[in-house]
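Data file: run39.csv. Format and content: CSV, C-alpha atoms.
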```csv
chain,number,residue,atom,x,y,z
J,47,MET,CA,144.6,164.4,7.5
J,48,PHE,CA,145.3,161.0,8.9
J,49,LEU,CA,148.9,160.5,8.1
J,50,ASP,CA,150.2,156.9,8.3
J,51,LYS,CA,146.7,155.8,8.9
J,52,GLU,CA,146.1,152.2,9.8
J,53,ARG,CA,144.4,150.3,7.0
J,54,SER,CA,141.7,147.7,7.8
J,55,GLY,CA,139.6,145.0,6.3
J,56,LEU,CA,140.0,144.1,2.7
J,57,GLU,CA,142.1,147.3,2.0
J,58,LYS,CA,144.7,146.1,4.6
J,59,LYS,CA,144.8,142.6,2.9
J,60,PHE,CA,145.2,144.2,-0.5
J,61,PHE,CA,147.9,146.6,0.8
J,62,GLU,CA,149.9,143.8,2.4
J,63,MET,CA,149.6,141.5,-0.6
J,64,SER,CA,150.4,144.2,-3.2
J,65,SER,CA,153.3,145.7,-1.2
J,66,GLU,CA,155.2,142.4,-1.2
J,67,ILE,CA,154.5,141.6,-4.9
J,68,ILE,CA,155.3,145.1,-6.1
J,69,GLN,CA,158.5,145.2,-4.1
J,70,ASN,CA,159.6,141.8,-5.4
J,71,CYS,CA,159.2,143.2,-8.9
J,72,GLY,CA,161.6,146.1,-8.1
J,73,TYR,CA,158.9,148.9,-7.7
J,74,GLU,CA,157.4,150.8,-4.8
J,75,LEU,CA,153.8,150.9,-3.8
J,76,TYR,CA,153.0,154.6,-3.7
J,77,ASP,CA,149.4,154.3,-2.7
J,78,LEU,CA,146.4,152.0,-2.9
J,79,ASP,CA,142.7,152.6,-2.8
J,80,TYR,CA,140.0,149.9,-2.5
J,81,LEU,CA,136.6,151.2,-3.5
J,82,GLN,CA,134.3,148.7,-2.0
J,83,GLY,CA,131.1,149.9,-3.7
J,84,SER,CA,132.5,149.3,-7.2
J,85,GLN,CA,134.9,146.6,-6.1
J,86,THR,CA,137.8,148.5,-7.7
J,87,LEU,CA,141.4,148.2,-6.5
J,88,ARG,CA,143.5,151.1,-7.6
J,89,VAL,CA,147.2,150.5,-7.2
J,90,PHE,CA,149.6,153.4,-7.7
J,91,ILE,CA,153.2,152.3,-8.3
J,92,ARG,CA,156.6,154.0,-8.8
J,93,ASN,CA,159.8,152.9,-10.3
J,94,PRO,CA,162.5,154.1,-7.8
J,95,GLU,CA,164.9,154.7,-10.7
J,96,THR,CA,162.7,157.1,-12.6
J,97,ASP,CA,160.4,158.3,-9.7
J,98,THR,CA,157.4,157.5,-11.9
J,99,ALA,CA,155.9,154.6,-13.8
J,100,ASP,CA,155.2,154.2,-17.5
J,101,LEU,CA,152.8,151.9,-19.3
J,102,GLU,CA,155.2,149.0,-19.4
J,103,ASP,CA,155.8,149.2,-15.6
J,104,CYS,CA,152.0,149.2,-15.0
J,105,VAL,CA,151.5,146.2,-17.3
J,106,LYS,CA,154.3,144.3,-15.5
J,107,ILE,CA,152.7,144.9,-12.1
J,108,ASP,CA,149.2,144.1,-13.4
J,109,ARG,CA,150.5,140.8,-14.7
J,110,ALA,CA,152.3,140.1,-11.4
J,111,LEU,CA,149.2,140.9,-9.2
J,112,THR,CA,146.6,139.1,-11.4
J,113,PRO,CA,147.5,135.5,-10.5
J,114,PHE,CA,147.4,136.3,-6.7
J,115,ILE,CA,144.1,138.1,-7.1
J,116,GLN,CA,142.6,135.1,-9.0
J,117,GLU,CA,143.9,132.6,-6.5
J,118,GLU,CA,142.9,134.2,-3.1
J,119,SER,CA,139.5,133.2,-1.9
J,120,TRP,CA,139.0,136.4,0.1
J,121,VAL,CA,139.2,138.6,-3.1
J,122,PRO,CA,135.8,139.5,-4.6
J,123,GLU,CA,135.2,137.7,-7.9
J,124,SER,CA,134.2,140.9,-9.7
J,125,LEU,CA,137.2,142.9,-8.6
J,126,VAL,CA,138.5,145.5,-11.1
J,127,LEU,CA,142.2,146.0,-10.9
J,128,GLU,CA,143.7,149.4,-12.0
J,129,VAL,CA,147.5,149.9,-11.9
J,130,SER,CA,148.9,153.3,-12.6
J,131,SER,CA,151.5,155.9,-11.8
J,132,PRO,CA,150.7,158.3,-9.1
J,133,GLY,CA,150.8,161.0,-11.8
J,134,ILE,CA,152.3,164.4,-12.0
J,135,TYR,CA,149.6,165.8,-9.6
J,136,ARG,CA,150.1,162.9,-7.2
J,137,ASN,CA,148.3,163.0,-3.9
J,138,LEU,CA,150.2,163.5,-0.7
J,139,LYS,CA,148.7,161.2,1.9
J,140,THR,CA,151.5,160.1,4.1
J,141,ARG,CA,154.4,161.7,6.0
J,142,LYS,CA,156.8,160.0,3.5
J,143,HIS,CA,154.9,161.5,0.6
J,144,PHE,CA,155.4,165.0,2.1
J,145,GLU,CA,159.1,164.3,2.9
J,146,GLU,CA,159.7,163.2,-0.7
J,147,SER,CA,158.1,166.4,-2.0
J,148,LEU,CA,160.3,168.9,-0.2
J,149,ASP,CA,161.0,172.0,-2.4
J,150,GLU,CA,158.1,171.1,-4.7
J,151,VAL,CA,155.1,173.2,-5.3
J,152,ILE,CA,152.0,171.8,-3.7
J,153,SER,CA,148.3,172.7,-3.4
J,154,LEU,CA,146.3,171.9,-0.4
J,155,THR,CA,142.9,172.3,1.2
J,156,VAL,CA,142.5,172.8,4.9
J,157,VAL,CA,139.8,172.4,7.5
J,158,GLY,CA,139.3,175.4,9.8
J,159,ASP,CA,141.4,178.5,10.2
J,160,LEU,CA,145.2,178.2,10.4
J,161,LYS,CA,146.5,178.7,13.9
J,162,ALA,CA,147.3,182.4,14.6
J,163,GLU,CA,149.9,181.5,17.3
J,164,LYS,CA,152.0,179.6,14.7
J,165,ASN,CA,151.5,182.2,12.1
J,166,LYS,CA,152.0,185.5,14.0
J,167,GLU,CA,153.2,187.6,11.1
J,168,ILE,CA,150.5,186.5,8.6
J,169,ASN,CA,147.5,188.6,7.8
J,170,PRO,CA,144.5,187.2,9.7
J,171,LYS,CA,142.5,187.1,6.4
J,172,VAL,CA,145.1,184.6,5.0
J,173,LEU,CA,144.6,182.4,8.0
J,174,LYS,CA,140.9,182.0,7.1
J,175,GLN,CA,141.6,180.7,3.6
J,176,LYS,CA,140.7,177.1,2.7
J,177,LYS,CA,143.1,176.6,-0.2
J,178,PHE,CA,146.8,177.2,-0.4
J,179,ARG,CA,149.5,176.8,-3.0
J,180,GLY,CA,153.2,177.1,-2.4
J,181,LEU,CA,156.6,175.6,-2.0
J,182,LEU,CA,156.9,172.9,0.6
J,183,LYS,CA,159.8,174.0,2.8
J,184,SER,CA,159.8,171.6,5.7
J,185,VAL,CA,158.0,168.6,7.2
J,186,GLY,CA,157.8,168.4,11.0
J,187,SER,CA,156.3,165.9,13.3
J,188,GLU,CA,153.0,167.8,13.5
J,189,GLU,CA,153.1,170.3,10.7
J,190,ILE,CA,154.4,171.4,7.4
J,191,ASN,CA,155.8,174.8,6.4
J,192,LEU,CA,154.6,176.2,3.1
J,193,GLU,CA,156.2,179.2,1.4
J,194,THR,CA,153.6,181.3,-0.3
J,195,GLU,CA,153.9,184.9,-1.5
J,196,ASN,CA,157.3,185.2,0.4
J,197,LYS,CA,155.7,184.2,3.7
J,198,ILE,CA,156.0,180.9,5.5
J,199,LEU,CA,152.8,179.3,6.7
J,200,ALA,CA,152.8,176.7,9.4
J,201,ILE,CA,150.0,174.2,8.7
J,202,ASP,CA,149.2,171.3,11.0
J,203,PHE,CA,148.8,167.9,9.5
J,204,ASP,CA,145.4,167.4,11.2
J,205,GLN,CA,144.1,170.5,9.4
J,206,ILE,CA,145.0,169.2,5.9
J,207,LYS,CA,142.0,167.8,4.1
J,208,LYS,CA,143.7,167.1,0.7
J,209,ALA,CA,147.1,167.8,-0.7
J,210,ASN,CA,148.8,167.2,-4.0
J,211,ILE,CA,151.8,168.1,-6.1
J,212,ASP,CA,151.0,171.1,-8.3
J,213,PRO,CA,154.0,171.8,-10.6
J,214,ASP,CA,154.8,175.1,-12.2
J,215,PHE,CA,155.1,174.2,-15.9
J,216,GLU,CA,156.7,177.5,-16.8
J,217,ASP,CA,159.7,176.4,-14.7
J,218,LEU,CA,160.1,173.3,-16.8
J,219,THR,CA,160.9,175.0,-20.0
```

As structure tokens, how would this structure be written, given the file I've shared?
Amino acid sequence: MFLDKERSGLEKKFFEMSSEIIQNCGYELYDLDYLQGSQTLRVFIRNPETDTADLEDCVKIDRALTPFIQEESWVPESLVLEVSSPGIYRNLKTRKHFEESLDEVISLTVVGDLKAEKNKEINPKVLKQKKFRGLLKSVGSEEINLETENKILAIDFDQIKKANIDPDFEDLT
């Protein structure tokens, strides 16, 4: 996983423009995806007071971004703007996303086997798994620690292919 990856091209321009506008409206830019093939700009926002975004929040940001998108000459004419909340199953793509998700249940997919030297007391079969689900216990500079089945797994960031929040709904009742 490329944490804190450097954006480039149009995505970088969209990110910089959107960050400033969204922040000026009192919200946070959680994530942004520019799908060049379909010329779709997906903006994921979060209200810092509620840690989510509702329909009214999304409409407010859509209306704030639209004039800038229409005025900028570098923006493709057929751009489709989508503004939404990151959702309950929000993706974890940056170190900040992981840090904000401590003590939450997450699911992740890894590339390769987990490192045996970092997981000495773990069954070797477990280290070969590609999907894990557990409680995010800590976020380090190079790895996370995930508690699953009363064991702590050390998983390097560069092995994480995809990660997202995966709440236990039974605990919410």

(request) Please determine the residues with any atom at most 12 Å from (158.1, 161.3, -2.8) (coordinates as given in the file, with all atoms listed in the file counting) and report them as number ranges by chain. (result) J: 74-77, 91-94, 96-98, 132-150, 210-211

(message) One decimal, in Å: what's the spacing between atom CA of Asp214 of chain J and atom CA of Lys166 of chain J?
(response) 28.3 Å

(message) Could you check the closest approach to Ala110 of chain J for each of J:Leu78, J:Leu125, J:Met63, J:Val172 and tell me which residue wins, using all atoms listed in the file?
(response) J:Met63

(request) Would you mind telling me which residue in J:Ile67, J:Val129, J:Ile206, J:Ile115 lies nearest to Asp100 of chain J when using all atoms listed in the file? (result)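 Using all atoms listed in the file, the shortest distance to Asp100 of chain J belongs to J:Val129.
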
(request) Determine, counting all atoms listed in the file, which protein, DNA and RNA residues have an atom within 10 Å of an atom of Pro122 of chain J; residues of the same chain fewer than 4 positions away are not included. Present the result as a list of chain:residue names. (result)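 Listing them by chain and then by number gives J:Leu56, J:Gln82, J:Gln85, J:Thr86, J:Ile115, J:Gln116, J:Glu118, J:Val126.
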
(message) Neighbouring residues of Val157 of chain J were defined as those with any atom within 7 Å, considering only C-alpha atoms; residues of the same chain fewer than 3 positions away were excluded. Please report them as a list in words.
(response)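 The neighbour list is Lys176, Gln205, Ile206 and Lys207 of chain J.
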
(message) List the spatial neighbours of Phe178 of chain J as a PyMOL selection string - criterion: any atom at most 9 Å away, only C-alpha atoms, same-chain residues fewer than 2 positions off excluded.
(response) chain J and resi 152-156+175-176+180+192+194

(request) Figure out the distance between atom CA of Ala209 of chain J and atom CA of Asp108 of chain J, please, to one decimal in Å. (result) 27.0 Å

(request) Could you tell me how far atom CA of Phe215 of chain J lies from atom CA of Lys183 of chain J, in Å and to one decimal? (result) 19.3 Å
